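Participant: Provided below: coords28.tsv, containing TSV, C-alpha atoms.
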chain	number	residue	atom	x	y	z
A	1	MET	CA	0.09	-17.70	0.50
A	2	ALA	CA	-3.16	-18.26	2.42
A	3	ALA	CA	-2.16	-21.87	3.07
A	4	ALA	CA	1.20	-20.76	4.40
A	5	ARG	CA	-0.44	-18.25	6.77
A	6	LYS	CA	-2.89	-20.92	8.01
A	7	GLU	CA	-0.05	-23.40	8.64
A	8	THR	CA	1.87	-20.75	10.57
A	9	GLU	CA	-1.13	-20.04	12.79
A	10	GLU	CA	-1.72	-23.77	13.44
A	11	ASN	CA	1.90	-24.10	14.55
A	12	GLY	CA	1.23	-21.49	17.22
A	13	GLU	CA	3.42	-18.83	15.60
A	14	ALA	CA	2.31	-15.29	14.83
A	15	PRO	CA	1.75	-14.83	11.07
A	16	GLN	CA	4.33	-12.60	9.40
A	17	ALA	CA	3.11	-9.14	8.51
A	18	ARG	CA	2.59	-8.43	4.82
A	19	ILE	CA	2.90	-5.29	2.75
A	20	VAL	CA	0.31	-5.84	0.02
A	21	VAL	CA	0.43	-3.77	-3.16
A	22	GLY	CA	-1.85	-3.81	-6.18
A	23	LEU	CA	0.21	-4.06	-9.35
A	24	ASP	CA	0.14	-2.90	-12.93
A	25	THR	CA	3.02	-1.91	-15.20
A	26	SER	CA	2.93	1.89	-14.89
A	27	LEU	CA	5.85	4.02	-13.72
A	28	VAL	CA	3.80	5.21	-10.73
A	29	THR	CA	3.30	1.61	-9.65
A	30	ARG	CA	7.06	0.98	-9.82
A	31	ASP	CA	7.71	3.88	-7.43
A	32	ALA	CA	4.91	2.72	-5.12
A	33	LEU	CA	6.27	-0.84	-5.20
A	34	ALA	CA	9.78	0.38	-4.38
A	35	LEU	CA	8.34	2.30	-1.41
A	36	ALA	CA	6.43	-0.82	-0.31
A	37	ALA	CA	9.67	-2.82	-0.47
A	38	ARG	CA	11.48	-0.24	1.68
A	39	LEU	CA	8.66	-0.36	4.23
A	40	ALA	CA	8.70	-4.17	4.25
A	41	ALA	CA	12.46	-4.17	4.87
A	42	SER	CA	12.05	-1.65	7.70
A	43	VAL	CA	9.37	-3.60	9.59
A	44	ASP	CA	10.49	-7.16	8.72
A	45	ALA	CA	7.44	-7.94	6.61
A	46	ARG	CA	6.82	-9.96	3.45
A	47	LEU	CA	6.02	-8.14	0.23
A	48	LYS	CA	2.96	-9.42	-1.61
A	49	GLY	CA	1.99	-8.21	-5.07
A	50	ILE	CA	-1.53	-8.69	-6.39
A	51	PHE	CA	-2.46	-8.15	-10.03
A	52	VAL	CA	-6.21	-7.71	-10.41
A	53	GLU	CA	-7.78	-8.55	-13.76
A	54	ASP	CA	-10.34	-5.76	-13.99
A	55	GLU	CA	-13.72	-7.44	-14.44
A	56	ASN	CA	-15.30	-4.17	-15.59
A	57	LEU	CA	-12.98	-4.05	-18.61
A	58	LEU	CA	-13.70	-7.68	-19.43
A	59	HIS	CA	-17.45	-7.08	-19.20
A	60	LEU	CA	-17.06	-4.04	-21.44
A	61	ALA	CA	-15.25	-6.12	-24.03
A	62	ASP	CA	-18.26	-8.45	-24.24
A	63	LEU	CA	-20.61	-5.64	-25.28
A	64	PRO	CA	-21.46	-5.78	-29.01
A	65	PHE	CA	-21.02	-2.04	-29.53
A	66	ALA	CA	-17.67	-1.70	-27.69
A	67	ARG	CA	-14.76	-0.51	-29.84
A	68	GLU	CA	-11.09	0.30	-29.29
A	69	ILE	CA	-8.84	2.76	-31.11
A	70	SER	CA	-5.22	1.75	-31.64
A	71	PHE	CA	-2.26	4.13	-31.55
A	72	SER	CA	-2.33	4.15	-35.36
A	73	GLY	CA	-5.97	5.30	-35.32
A	74	GLU	CA	-7.45	1.94	-36.35
A	75	ILE	CA	-10.93	1.29	-34.94
A	76	ARG	CA	-11.79	-2.32	-34.16
A	77	GLU	CA	-14.16	-4.38	-32.03
A	78	LEU	CA	-13.12	-5.19	-28.50
A	79	ASP	CA	-12.36	-8.85	-27.98
A	80	ALA	CA	-12.61	-10.30	-24.46
A	81	GLU	CA	-10.13	-13.10	-25.17
A	82	ARG	CA	-7.57	-10.72	-26.62
A	83	MET	CA	-8.01	-8.38	-23.63
A	84	LEU	CA	-7.56	-11.27	-21.20
A	85	ARG	CA	-4.34	-12.32	-22.97
A	86	ALA	CA	-3.09	-8.74	-22.69
A	87	MET	CA	-3.91	-8.71	-18.97
A	88	LYS	CA	-2.02	-11.96	-18.42
A	89	ALA	CA	1.00	-10.50	-20.23
A	90	GLN	CA	0.77	-7.40	-18.00
A	91	ALA	CA	0.55	-9.64	-14.94
A	92	GLU	CA	3.75	-11.43	-15.92
A	93	SER	CA	5.53	-8.10	-16.43
A	94	ALA	CA	4.31	-6.97	-13.00
A	95	ARG	CA	5.52	-10.23	-11.43
A	96	ARG	CA	9.01	-9.75	-12.88
A	97	MET	CA	9.06	-6.15	-11.63
A	98	LEU	CA	8.05	-7.34	-8.15
A	99	ALA	CA	10.72	-10.05	-8.13
A	100	ARG	CA	13.45	-7.61	-9.15
A	101	ILE	CA	12.56	-4.95	-6.57
A	102	ALA	CA	12.12	-7.51	-3.77
A	103	SER	CA	15.50	-9.06	-4.63
A	104	GLU	CA	17.19	-5.66	-4.48
A	105	ALA	CA	15.61	-5.03	-1.05
A	106	LYS	CA	16.50	-8.58	0.11
A	107	ILE	CA	12.97	-9.37	1.31
A	108	ASP	CA	10.61	-12.33	0.89
A	109	TRP	CA	7.84	-11.87	-1.67
A	110	SER	CA	4.87	-13.56	-3.24
A	111	PHE	CA	2.57	-12.84	-6.16
A	112	ASP	CA	-1.06	-13.57	-6.95
A	113	VAL	CA	-3.55	-12.85	-9.74
A	114	ARG	CA	-7.19	-12.21	-8.91
A	115	ARG	CA	-10.22	-10.95	-10.78
A	116	GLY	CA	-12.55	-8.18	-9.67
A	117	ARG	CA	-12.48	-4.45	-9.13
A	118	PRO	CA	-8.89	-3.50	-8.18
A	119	LEU	CA	-9.39	-1.51	-4.96
A	120	THR	CA	-12.39	-3.53	-3.79
A	121	THR	CA	-10.52	-6.81	-4.32
A	122	LEU	CA	-7.51	-5.63	-2.31
A	123	ALA	CA	-9.69	-4.46	0.59
A	124	GLU	CA	-11.87	-7.59	0.62
A	125	HIS	CA	-8.86	-9.89	1.08
A	126	ALA	CA	-7.11	-7.76	3.72
A	127	VAL	CA	-6.39	-9.22	7.16
A	128	GLU	CA	-5.22	-7.55	10.37
A	129	ASP	CA	-1.51	-8.16	9.77
A	130	ASP	CA	-1.58	-6.50	6.34
A	131	THR	CA	-0.61	-3.04	5.16
A	132	LEU	CA	-2.31	-2.27	1.86
A	133	VAL	CA	-0.52	0.10	-0.51
A	134	ILE	CA	-3.12	2.13	-2.41
A	135	ARG	CA	-2.42	4.76	-5.07
A	136	SER	CA	-4.88	7.50	-4.14
A	137	GLY	CA	-4.67	9.29	-7.49
A	138	ALA	CA	-5.47	6.21	-9.55
A	139	THR	CA	-9.24	6.50	-9.05
A	140	GLY	CA	-11.88	8.70	-7.41
A	141	SER	CA	-11.46	9.84	-3.81
A	142	ARG	CA	-14.78	8.27	-2.82
A	143	GLU	CA	-13.75	4.84	-4.09
A	144	VAL	CA	-10.40	5.20	-2.33
A	145	GLY	CA	-12.24	6.17	0.85
A	146	ARG	CA	-14.48	3.11	0.70
A	147	ALA	CA	-11.45	0.84	0.28
A	148	VAL	CA	-9.67	2.56	3.18
A	149	ARG	CA	-12.71	2.18	5.43
A	150	ALA	CA	-13.14	-1.50	4.56
A	151	ALA	CA	-9.47	-2.25	5.20
A	152	THR	CA	-8.91	-0.18	8.35
A	153	ARG	CA	-12.27	-0.37	10.14
A	154	GLU	CA	-13.52	-3.79	9.09
A	155	ALA	CA	-10.33	-5.83	8.57
A	156	ARG	CA	-8.29	-3.70	11.05
A	157	ALA	CA	-5.46	-3.60	8.51
A	158	ASP	CA	-3.22	-0.61	7.81
A	159	VAL	CA	-3.23	1.37	4.57
A	160	LEU	CA	-0.35	3.25	2.97
A	161	LEU	CA	-1.81	5.90	0.66
A	162	VAL	CA	0.46	7.24	-2.07
A	163	ALA	CA	-0.30	9.91	-4.63
A	164	ARG	CA	1.40	10.84	-7.89
A	165	GLY	CA	4.25	13.25	-7.23
A	166	ALA	CA	4.11	12.67	-3.46
A	167	GLY	CA	7.85	12.19	-2.98
A	168	LEU	CA	7.80	8.39	-3.11
A	169	LYS	CA	11.49	7.93	-3.88
A	170	GLY	CA	12.65	9.81	-0.78
A	171	ALA	CA	9.89	8.72	1.60
A	172	LEU	CA	11.79	5.93	3.35
A	173	VAL	CA	15.54	5.37	3.28
A	174	PRO	CA	16.32	1.66	3.65
A	175	PRO	CA	18.72	0.78	6.49
A	176	PRO	CA	22.01	-0.99	5.73
A	177	ALA	CA	21.59	-4.76	5.50
A	178	SER	CA	23.83	-5.23	8.54
A	179	MET	CA	21.52	-3.04	10.65
A	180	ARG	CA	18.16	-4.32	9.44
A	181	GLY	CA	15.91	-5.29	12.35
A	182	ALA	CA	17.79	-3.15	14.87
A	183	LEU	CA	17.05	0.33	16.16
A	184	GLN	CA	19.34	3.05	14.88
A	185	SER	CA	20.13	6.58	15.97
A	186	PRO	CA	18.15	9.15	13.97
A	187	LEU	CA	20.04	10.43	10.95
A	188	PRO	CA	19.43	13.51	8.81
A	189	GLY	CA	16.70	12.99	6.22
A	190	ARG	CA	13.00	13.44	5.62
A	191	PRO	CA	11.22	12.98	8.95
A	192	VAL	CA	8.55	10.49	9.89
A	193	ALA	CA	5.67	12.48	11.39
A	194	ALA	CA	2.59	11.41	13.34
A	195	ILE	CA	-0.68	13.23	14.00
A	196	ASP	CA	-1.38	13.47	17.74
A	197	ASP	CA	-4.94	14.43	18.66
A	198	GLY	CA	-4.36	13.98	22.39
A	199	SER	CA	-6.20	10.65	22.56
A	200	SER	CA	-4.84	7.24	23.54
A	201	PRO	CA	-4.91	6.04	19.88
A	202	GLY	CA	-3.11	9.24	18.89
A	203	GLU	CA	-0.38	8.59	21.45
A	204	ALA	CA	-0.05	4.99	20.26
A	205	CYS	CA	0.19	6.26	16.70
A	206	CYS	CA	3.06	8.54	17.71
A	207	ALA	CA	4.85	5.70	19.51
A	208	PHE	CA	4.61	3.55	16.38
A	209	ALA	CA	5.85	6.36	14.15
A	210	GLU	CA	8.75	7.22	16.46
A	211	THR	CA	9.99	3.64	16.49
A	212	LEU	CA	9.59	3.38	12.72
A	213	ALA	CA	11.65	6.56	12.34
A	214	ALA	CA	14.40	5.08	14.50
A	215	ARG	CA	14.44	1.86	12.50
A	216	ILE	CA	14.92	3.64	9.18
A	217	GLY	CA	17.32	6.22	10.59
A	218	ALA	CA	15.09	9.28	10.20
A	219	PRO	CA	14.02	12.15	12.48
A	220	PHE	CA	10.63	11.93	14.18
A	221	ARG	CA	8.13	14.77	14.37
A	222	ARG	CA	4.87	15.00	16.32
A	223	LEU	CA	2.09	17.16	14.81
A	224	GLY	CA	-0.45	18.31	17.39
A	225	ALA	CA	-3.98	18.10	15.97
A	226	ARG	CA	-6.07	19.88	18.59
A	227	GLY	CA	-8.10	22.65	16.99
A	228	LEU	CA	-6.71	21.91	13.53
A	229	ALA	CA	-8.41	20.52	10.43
A	230	PRO	CA	-6.84	17.81	8.23
A	231	ALA	CA	-5.98	20.51	5.68
A	232	ASP	CA	-3.95	22.39	8.30
A	233	LEU	CA	-1.96	19.29	9.21
A	234	ALA	CA	-1.42	18.40	5.56
A	235	ALA	CA	0.00	21.88	5.01
A	236	ALA	CA	2.29	21.49	8.04
A	237	ALA	CA	3.53	18.14	6.71
A	238	ARG	CA	4.23	19.59	3.28
A	239	GLN	CA	6.00	22.66	4.66
A	240	GLY	CA	8.07	20.49	7.01
A	241	GLY	CA	9.27	18.21	4.22
A	242	VAL	CA	7.77	15.14	5.92
A	243	GLY	CA	8.74	11.85	4.29
A	244	ILE	CA	5.84	9.79	5.59
A	245	LEU	CA	2.84	10.84	7.70
A	246	VAL	CA	1.38	8.33	10.19
A	247	VAL	CA	-2.28	8.76	11.16
A	248	ASP	CA	-4.78	6.84	13.27
A	249	ALA	CA	-7.40	5.88	10.67
A	250	ALA	CA	-10.26	6.47	13.11
A	251	TRP	CA	-9.25	10.14	13.35
A	252	LEU	CA	-10.42	10.77	9.79
A	253	GLY	CA	-13.96	11.93	9.13
A	254	ASP	CA	-15.81	11.07	5.91
A	255	ASP	CA	-14.67	8.58	3.27
A	256	GLU	CA	-12.98	11.19	1.11
A	257	ASP	CA	-10.75	12.62	3.87
A	258	ALA	CA	-8.05	9.99	3.36
A	259	ALA	CA	-7.55	10.73	-0.33
A	260	ARG	CA	-7.63	14.49	0.25
A	261	LEU	CA	-5.07	14.22	3.05
A	262	SER	CA	-2.75	12.10	0.91
A	263	ALA	CA	-2.91	14.54	-2.01
A	264	ALA	CA	-2.41	17.65	0.15
A	265	ALA	CA	0.37	16.36	2.41
A	266	GLY	CA	2.88	15.90	-0.40
A	267	CYS	CA	4.04	12.58	1.05
A	268	PRO	CA	2.73	9.04	1.55
A	269	VAL	CA	0.24	8.67	4.42
A	270	LEU	CA	0.23	5.55	6.60
A	271	LEU	CA	-3.21	4.97	8.15
A	272	LEU	CA	-3.16	2.65	11.17
A	273	GLY	CA	-6.19	0.40	11.42
A	274	LYS	CA	-5.30	-1.00	14.82
A	275	GLU	CA	-3.65	0.48	17.88
A	276	ARG	CA	-0.11	-0.51	18.79
A	277	GLY	CA	2.81	1.20	20.42
A	278	SER	CA	5.87	0.33	18.35
A	279	VAL	CA	7.17	-1.36	15.24
A	280	GLU	CA	7.29	-5.07	15.95
A	281	GLY	CA	10.63	-6.63	15.04
A	282	PRO	CA	11.43	-10.30	14.46
A	283	GLN	CA	10.85	-12.66	17.36
A	284	LYS	CA	13.97	-13.66	19.29
A	285	LYS	CA	14.59	-17.36	19.45
A	286	GLY	CA	15.57	-19.19	22.56
A	287	GLY	CA	15.13	-17.84	26.08
Would you mind writing the file out in structure tokens?
Facilitator:
Amino acid sequence: MAAARKETEENGEAPQARIVVGLDTSLVTRDALALAARLAASVDARLKGIFVEDENLLHLADLPFAREISFSGEIRELDAERMLRAMKAQAESARRMLARIASEAKIDWSFDVRRGRPLTTLAEHAVEDDTLVIRSGATGSREVGRAVRAATREARADVLLVARGAGLKGALVPPPASMRGALQSPLPGRPVAAIDDGSSPGEACCAFAETLAARIGAPFRRLGARGLAPADLAAAARQGGVGILVVDAAWLGDDEDAARLSAAAGCPVLLLGKERGSVEGPQKKGG
């Protein structure tokens, strides 16, 4: 994938945006992946799945005192080679899941396997055209916050935070295939909302969210942030049945704010790492 992006840049073309999601085989991941596919279809992006072989688990398996308990209650020594084989089997299951969901959404996709710490690895390889999909309930809020900061403030990428039970299935309604890439009139459904703090980045955030709402055929809602804490805005989003909340990442305070906002809002939260005014569609060819 990296070679393809480099070749595109050398040809003088803008690299295609990517929605990048960390994969395992859990049910929560399937919902998050389906949401990532809907977002990719809405903004004309590629879907990239990354399965991270957790190096901490492999290091643990090398310890002489490490043991595992099977479902039958059997206690046995951990074996690094057996664990690695299990991870590779999980990776293949995740790849098939990615291929099926991407095919249903009619979007381009790619898959990669890396080794490291899952969130850290995703953030370290992020580039400006990426949107990372991070499950905020999968690990501690501080670790999530560090990954969000690295992706949004250092790589200038976007981050879509999703939490268990955060209405993933109804967050984005995919447009009909015949209308993909074109603006549509807003239709009834869960709104796309943006937090507006009165600043220039806040206004750009709202412009992006409003265009995204039009592309997916959803209402748009602006949430004024002056004098309000993140908890107040999360409550407003939950009460308003918001489908996805768009936020300028720089508006957040400490590292744990992002995870807390995602959990309290009751919907996925899209954190913008760079300022822009609209959803960028495919480039027109010719004049």
Participant: Please, what distance in Å, to one decimal, runs between atom CA of Val159 of chain A and atom CA of Ile134 of chain A?
Facilitator: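 One can read the atom CA of Val159 of chain A to atom CA of Ile134 of chain A distance as 7.0 Å.
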Participant: Got a sec: who's within 12 Å of Arg226 of chain A, counting all atoms listed in the file, leaving out chain neighbours fewer than 3 positions off, as a list in words?
Facilitator: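 Selected residues are Ile195, Asp196, Asp197, Gly198, Ser199, Gly202, Leu223, Ala229, Pro230, Asp232, Leu233 and Trp251 of chain A.
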Participant: Pick out the closest residue to Ala41 of chain A from this set: A:Leu84, A:Ala123, A:Ala105, A:Leu271. Count all atoms listed in the file.
Facilitator: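 Answer, going by the shortest atom-to-atom distance: A:Ala105.
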Participant: Within 9 Å of segment 235-238 of chain A, counting all atoms listed in the file, which residues qualify if same-chain residues fewer than 4 places away don't, as a list in words?
Facilitator: Ala193, Leu223, Pro230, Ala231, Val242, Gly243, Ile244, Leu245, Ala264, Ala265, Gly266 and Cys267 of chain A
Participant: Quick one: write out the picked residues with C-alpha atoms as a PDB file, in the coordinates of the input?
Facilitator:
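Writing the result to part_9.pdb gives the following:
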ATOM      1  CA  ALA A 193       5.670  12.480  11.390  1.00  0.00           C
ATOM      2  CA  LEU A 223       2.090  17.160  14.810  1.00  0.00           C
ATOM      3  CA  PRO A 230      -6.840  17.810   8.230  1.00  0.00           C
ATOM      4  CA  ALA A 231      -5.980  20.510   5.680  1.00  0.00           C
ATOM      5  CA  VAL A 242       7.770  15.140   5.920  1.00  0.00           C
ATOM      6  CA  GLY A 243       8.740  11.850   4.290  1.00  0.00           C
ATOM      7  CA  ILE A 244       5.840   9.790   5.590  1.00  0.00           C
ATOM      8  CA  LEU A 245       2.840  10.840   7.700  1.00  0.00           C
ATOM      9  CA  ALA A 264      -2.410  17.650   0.150  1.00  0.00           C
ATOM     10  CA  ALA A 265       0.370  16.360   2.410  1.00  0.00           C
ATOM     11  CA  GLY A 266       2.880  15.900  -0.400  1.00  0.00           C
ATOM     12  CA  CYS A 267       4.040  12.580   1.050  1.00  0.00           C
TER      13      CYS A 267
END
Participant: Choose the residue, out of A:Leu58, A:Val192, A:Ala207, A:Val148, that has the smallest atom-to-atom separation from Gly253 of chain A; count only C-alpha atoms.
Facilitator: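 Closest to Gly253 of chain A of all the choices is A:Val148.
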Participant: Around segment 217-220 of chain A, with edges along x, y and z and 3 Å added on all six sides, what centre and edge lengths do you get, in Å to one decimal, as lines of an AutoDock Vina configuration file?
Facilitator:
center_x = 14.0
center_y = 9.2
center_z = 12.2
size_x = 12.7
size_y = 11.9
size_z = 10.0
Participant: Looking at A:Pro191, A:Gly227, A:Pro219, A:Pro268, which one is nearest to Gly241 of chain A, with distances taken over all atoms listed in the file?
Facilitator: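 Between A:Pro191, A:Gly227, A:Pro219, A:Pro268, the residue approaching Gly241 of chain A most closely is A:Pro191.
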Participant: Counting only C-alpha atoms, figure out which residue out of A:Leu33, A:Ala194, A:Ala249, A:Val52 gets nearest to Ala157 of chain A.
Facilitator: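 Looking at the shortest contact to Ala157 of chain A, the residue is A:Ala249.
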Participant: Just how far from atom CA of Leu160 of chain A is atom CA of Glu124 of chain A, in Å to one decimal?
Facilitator: 16.0 Å
Participant: Would you mind reading off the distance between atom CA of Thr121 of chain A and atom CA of Met97 of chain A, one decimal, in Å?
Facilitator: 20.9 Å
Participant: Would you please work out which residue, of A:Arg149, A:Arg46, A:Arg18, A:Lys274, is nearest to Ala102 of chain A when using all atoms listed in the file?
Facilitator: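 The closest residue to Ala102 of chain A is A:Arg46.
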Participant: Which residue gives the smallest distance to Trp109 of chain A among A:Cys205, A:Ala32, A:Leu47, A:Ala37, with only C-alpha atoms counted?
Facilitator: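 Answer, going by the shortest atom-to-atom distance: A:Leu47.
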Participant: Which residues are near Asp129 of chain A? Cut-off 12 Å, all atoms listed in the file, ignore same chain within fewer than 2 positions. Put them as a VMD selection string.
Facilitator: chain A and resid 5 14 to 20 43 45 to 46 125 to 127 131 to 132 151 to 152 155 to 159 272 to 274 276 280
Participant: Which residues are near Glu55 of chain A? Cut-off 8 Å, only C-alpha atoms, ignore same chain within fewer than 6 positions. Put them as a PDB file with C-alpha atoms, keeping the file's coordinate frame.
Facilitator:
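What follows is the written file selection.pdb:
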ATOM      1  CA  ARG A 115     -10.220 -10.950 -10.780  1.00  0.00           C
ATOM      2  CA  GLY A 116     -12.550  -8.180  -9.670  1.00  0.00           C
ATOM      3  CA  ARG A 117     -12.480  -4.450  -9.130  1.00  0.00           C
TER       4      ARG A 117
END
Participant: Using only C-alpha atoms, can you list as a PyMOL selection string the residues within 10 Å of (-10.1, 15.5, -2.2)?
Facilitator: chain A and resi 136-137+140-142+255-264
